[in-house]
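> final-v2.tsv (TSV, C-alpha atoms) pasted underneath:
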chain	number	residue	atom	x	y	z
A	160	MET	CA	30.71	-124.38	3.86
A	161	ALA	CA	26.94	-124.87	3.73
A	162	GLY	CA	25.75	-128.41	3.97
A	163	THR	CA	28.91	-129.77	5.53
A	164	GLY	CA	28.07	-129.39	9.20
A	165	GLY	CA	31.61	-128.06	9.63
A	166	LYS	CA	33.11	-131.53	9.12
A	167	GLY	CA	34.46	-131.17	5.59
A	168	LYS	CA	31.76	-133.36	4.04
A	169	ARG	CA	28.11	-133.10	3.19
A	170	THR	CA	25.78	-133.64	6.15
A	171	ILE	CA	22.22	-134.88	6.37
A	172	HIS	CA	20.21	-134.15	9.49
A	173	VAL	CA	17.73	-136.67	10.89
A	174	LEU	CA	15.44	-134.83	13.30
A	175	ASN	CA	12.98	-136.55	15.61
A	176	GLY	CA	10.20	-134.89	17.56
A	177	PRO	CA	8.36	-135.56	20.80
A	178	ASN	CA	8.13	-139.00	22.37
A	179	LEU	CA	10.33	-140.73	19.82
A	180	ASN	CA	12.84	-141.26	22.63
A	181	LEU	CA	10.29	-143.87	23.83
A	182	LEU	CA	10.36	-145.78	20.54
A	183	GLY	CA	10.31	-149.51	21.27
A	184	GLU	CA	8.46	-148.95	24.56
A	185	ARG	CA	5.52	-146.71	23.65
A	186	GLU	CA	2.68	-148.48	21.84
A	187	PRO	CA	4.86	-151.15	20.20
A	188	GLU	CA	1.76	-152.52	18.46
A	189	ILE	CA	1.72	-149.27	16.45
A	190	TYR	CA	5.37	-148.17	16.35
A	191	GLY	CA	7.17	-151.52	16.56
A	192	ALA	CA	9.87	-152.87	18.84
A	193	SER	CA	12.85	-150.99	17.35
A	194	THR	CA	14.36	-148.21	19.43
A	195	LEU	CA	15.56	-144.80	18.36
A	196	ALA	CA	19.11	-146.12	18.85
A	197	ASP	CA	18.26	-148.80	16.25
A	198	VAL	CA	17.07	-146.08	13.87
A	199	GLU	CA	20.26	-144.08	14.39
A	200	ARG	CA	22.41	-147.17	13.82
A	201	VAL	CA	20.86	-147.96	10.42
A	202	CYS	CA	20.93	-144.29	9.38
A	203	ARG	CA	24.57	-143.93	10.38
A	204	LYS	CA	25.56	-147.09	8.51
A	205	LEU	CA	23.90	-145.83	5.33
A	206	CYS	CA	25.46	-142.36	5.55
A	207	ASP	CA	28.90	-143.69	6.48
A	208	GLY	CA	28.78	-145.99	3.47
A	209	ALA	CA	27.98	-143.03	1.24
A	210	GLY	CA	30.66	-140.80	2.77
A	211	VAL	CA	28.07	-138.35	4.06
A	212	GLY	CA	27.94	-136.91	7.56
A	213	LEU	CA	24.94	-137.55	9.79
A	214	GLU	CA	23.56	-135.35	12.54
A	215	PHE	CA	20.93	-137.37	14.41
A	216	SER	CA	18.81	-135.82	17.15
A	217	GLN	CA	15.60	-136.09	19.12
A	218	THR	CA	13.81	-133.53	21.24
A	219	ASN	CA	10.59	-133.32	23.18
A	220	ASN	CA	10.62	-129.52	22.85
A	221	GLU	CA	9.06	-127.70	19.91
A	222	GLY	CA	11.43	-124.72	20.24
A	223	THR	CA	14.47	-126.98	20.20
A	224	LEU	CA	13.14	-128.75	17.11
A	225	ILE	CA	12.79	-125.36	15.39
A	226	ASP	CA	16.38	-124.49	16.36
A	227	GLN	CA	17.56	-127.82	14.90
A	228	ILE	CA	15.65	-127.20	11.66
A	229	GLN	CA	17.17	-123.73	11.36
A	230	ALA	CA	20.67	-125.12	11.96
A	231	ALA	CA	20.11	-127.71	9.21
A	232	ARG	CA	18.37	-125.42	6.73
A	233	ALA	CA	21.27	-125.25	4.23
A	234	SER	CA	22.54	-128.82	4.70
A	235	ALA	CA	22.53	-131.65	2.18
A	236	GLY	CA	19.09	-132.63	3.42
A	237	ILE	CA	16.71	-133.13	6.32
A	238	VAL	CA	14.80	-136.23	7.27
A	239	ILE	CA	12.24	-135.27	9.88
A	240	ASN	CA	9.80	-137.25	11.95
A	241	PRO	CA	8.06	-134.31	13.59
A	242	ALA	CA	5.75	-136.64	15.56
A	243	GLY	CA	3.39	-134.47	17.63
A	244	CYS	CA	4.93	-131.32	16.13
A	245	SER	CA	3.46	-132.32	12.74
A	246	TYR	CA	0.60	-129.94	13.54
A	247	SER	CA	2.77	-126.94	14.44
A	248	VAL	CA	2.69	-123.76	12.36
A	249	PRO	CA	6.07	-122.58	13.76
A	250	VAL	CA	7.68	-125.92	12.77
A	251	LEU	CA	6.10	-125.64	9.31
A	252	ASP	CA	7.43	-122.08	8.96
A	253	ALA	CA	10.95	-123.23	9.96
A	254	LEU	CA	10.81	-126.02	7.38
A	255	LYS	CA	9.64	-123.60	4.68
A	256	ALA	CA	12.76	-121.49	5.36
A	257	CYS	CA	15.03	-124.40	4.40
A	258	SER	CA	16.96	-124.56	1.16
A	259	ALA	CA	17.78	-128.18	2.02
A	260	PRO	CA	15.37	-130.79	0.69
A	261	VAL	CA	13.08	-132.10	3.44
A	262	VAL	CA	11.62	-135.60	3.61
A	263	GLU	CA	8.99	-136.24	6.27
A	264	VAL	CA	8.82	-139.69	7.85
A	265	HIS	CA	6.10	-141.26	9.99
A	266	ILE	CA	6.64	-144.74	11.40
A	267	SER	CA	2.92	-145.52	11.44
A	268	ASN	CA	0.55	-144.94	8.56
A	269	VAL	CA	-1.02	-141.69	9.75
A	270	HIS	CA	-3.77	-142.08	7.13
A	271	ALA	CA	-4.89	-145.45	8.50
A	272	ARG	CA	-4.92	-144.51	12.18
A	273	ALA	CA	-8.20	-144.43	14.10
A	274	GLU	CA	-7.75	-140.73	14.91
A	275	ALA	CA	-8.54	-138.94	11.64
A	276	TRP	CA	-6.73	-135.76	12.76
A	277	ARG	CA	-3.39	-137.60	12.52
A	278	ALA	CA	-3.60	-137.48	8.71
A	279	GLU	CA	-3.88	-133.67	8.71
A	280	THR	CA	-0.18	-132.94	9.21
A	281	LEU	CA	0.80	-129.33	8.51
A	282	THR	CA	4.50	-130.01	8.06
A	283	THR	CA	3.88	-132.11	4.95
A	284	ALA	CA	3.42	-128.85	3.01
A	285	ALA	CA	7.17	-128.16	3.32
A	286	ALA	CA	8.37	-131.63	2.35
A	287	VAL	CA	9.48	-132.83	-1.08
A	288	GLY	CA	8.14	-136.23	-0.07
A	289	VAL	CA	6.47	-138.12	2.76
A	290	ILE	CA	7.00	-141.71	3.85
A	291	SER	CA	4.33	-143.06	6.16
A	292	GLY	CA	3.59	-146.49	7.52
A	293	LEU	CA	6.77	-148.39	6.66
A	294	GLY	CA	8.12	-148.53	10.19
A	295	ILE	CA	11.72	-147.50	10.74
A	296	TYR	CA	12.48	-148.58	7.16
A	297	GLY	CA	11.01	-145.22	6.15
A	298	TYR	CA	14.11	-143.49	7.51
A	299	THR	CA	16.46	-145.44	5.24
A	300	LEU	CA	14.22	-144.82	2.24
A	301	ALA	CA	14.24	-141.10	2.99
A	302	LEU	CA	18.01	-141.07	3.40
A	303	GLN	CA	18.51	-143.02	0.19
A	304	PHE	CA	16.34	-140.50	-1.66
A	305	LEU	CA	18.41	-137.59	-0.28
A	306	LEU	CA	21.69	-139.35	-1.06
A	307	ASN	CA	20.55	-140.00	-4.65
A	308	ALA	CA	19.26	-136.44	-5.05
A	309	SER	CA	22.50	-135.01	-3.66
A	310	ALA	CA	24.58	-137.13	-6.03
A	311	ALA	CA	22.45	-136.00	-8.96
A	312	ARG	CA	22.95	-132.34	-7.99
A	313	LYS	CA	26.74	-132.86	-8.05
A	314	ASP	CA	26.70	-134.36	-11.57
Starting from the file, give its structure as structure tokens.


Amino acid sequence: MAGTGGKGKRTIHVLNGPNLNLLGEREPEIYGASTLADVERVCRKLCDGAGVGLEFSQTNNEGTLIDQIQAARASAGIVINPAGCSYSVPVLDALKACSAPVVEVHISNVHARAEAWRAETLTTAAAVGVISGLGIYGYTLALQFLLNASAARKD
């Protein structure tokens, strides 16, 4: 059944791109002290409480990220922090092939960063919404949106 992840319940995929495995270590003045394990813990708690499955992953490889997007394309939803793959046409094309709603998350405010190119993300074009600059809290906001949207679709 589409959207269940083969587990008998709806599944949301949280996909993380390059270097997010270093969250909490890499540039904590920008990305904060929380780790990716902290992000997964709060995401899992929210999904468990809603009775929704969670597939949580991180990769440093663009091709693997595309494979993960394709595997999630008909799920209950995708939260993606594409990180450095935000500027990838193949990642954008994979996201455009999704019937699942996609919410893009960036831990830092990409529009306020010193490097202007960071605000020119390509992947945003495939997202129903973007959360940027709210730290790891952006993940829970994105999940809550998808949970609410999924519940509304069932009504």

> Using all atoms listed in the file, which residues sit within 10 Å of Gln227 in chain A once same-chain residues fewer than 6 positions away are excluded, as a PDB file with C-alpha atoms, in the coordinates of the input?


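For reference, around-v1.pdb as written:
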ATOM      1  CA  HIS A 172      20.210-134.150   9.490  1.00  0.00           C
ATOM      2  CA  VAL A 173      17.730-136.670  10.890  1.00  0.00           C
ATOM      3  CA  LEU A 174      15.440-134.830  13.300  1.00  0.00           C
ATOM      4  CA  ASN A 175      12.980-136.550  15.610  1.00  0.00           C
ATOM      5  CA  GLU A 214      23.560-135.350  12.540  1.00  0.00           C
ATOM      6  CA  SER A 216      18.810-135.820  17.150  1.00  0.00           C
ATOM      7  CA  GLN A 217      15.600-136.090  19.120  1.00  0.00           C
ATOM      8  CA  THR A 218      13.810-133.530  21.240  1.00  0.00           C
ATOM      9  CA  GLU A 221       9.060-127.700  19.910  1.00  0.00           C
ATOM     10  CA  ALA A 253      10.950-123.230   9.960  1.00  0.00           C
TER      11      ALA A 253
END

> What separation in Å, quoted to one decimal, exists between CA of Gly210 in chain A and CA of Cys257 in chain A?

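Taking CA of Gly210 in chain A as the start and CA of Cys257 in chain A as the end point, the length is 22.7 Å.
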
> From the list A:Pro187, A:Gly208, A:Gly176, A:Gly297, which residue is nearest Gly243 in chain A when using all atoms listed in the file?

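Between A:Pro187, A:Gly208, A:Gly176, A:Gly297, the residue approaching Gly243 in chain A most closely is A:Gly176.
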
> Compare A:Ala233, A:Ile225, A:His265, A:Ala310 by their minimum atom-to-atom distance to Pro249 in chain A, counting all atoms listed in the file, and give me the closest one.

A:Ile225

> Padding 4 Å on each side, edges along x, y and z: where is the centre of the box around the listed atoms of range 293-311 of chain A, and how long are its edges in Å to one decimal? Output it as lines of an AutoDock Vina configuration file.


center_x = 15.7
center_y = -141.8
center_z = 0.9
size_x = 25.8
size_y = 21.6
size_z = 27.7

> I'd like the interatomic distance between CA of Val211 in chain A and CA of Asp197 in chain A, to a tenth of an Å.

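Spanning CA of Val211 in chain A to CA of Asp197 in chain A is a straight-line distance of 18.8 Å.
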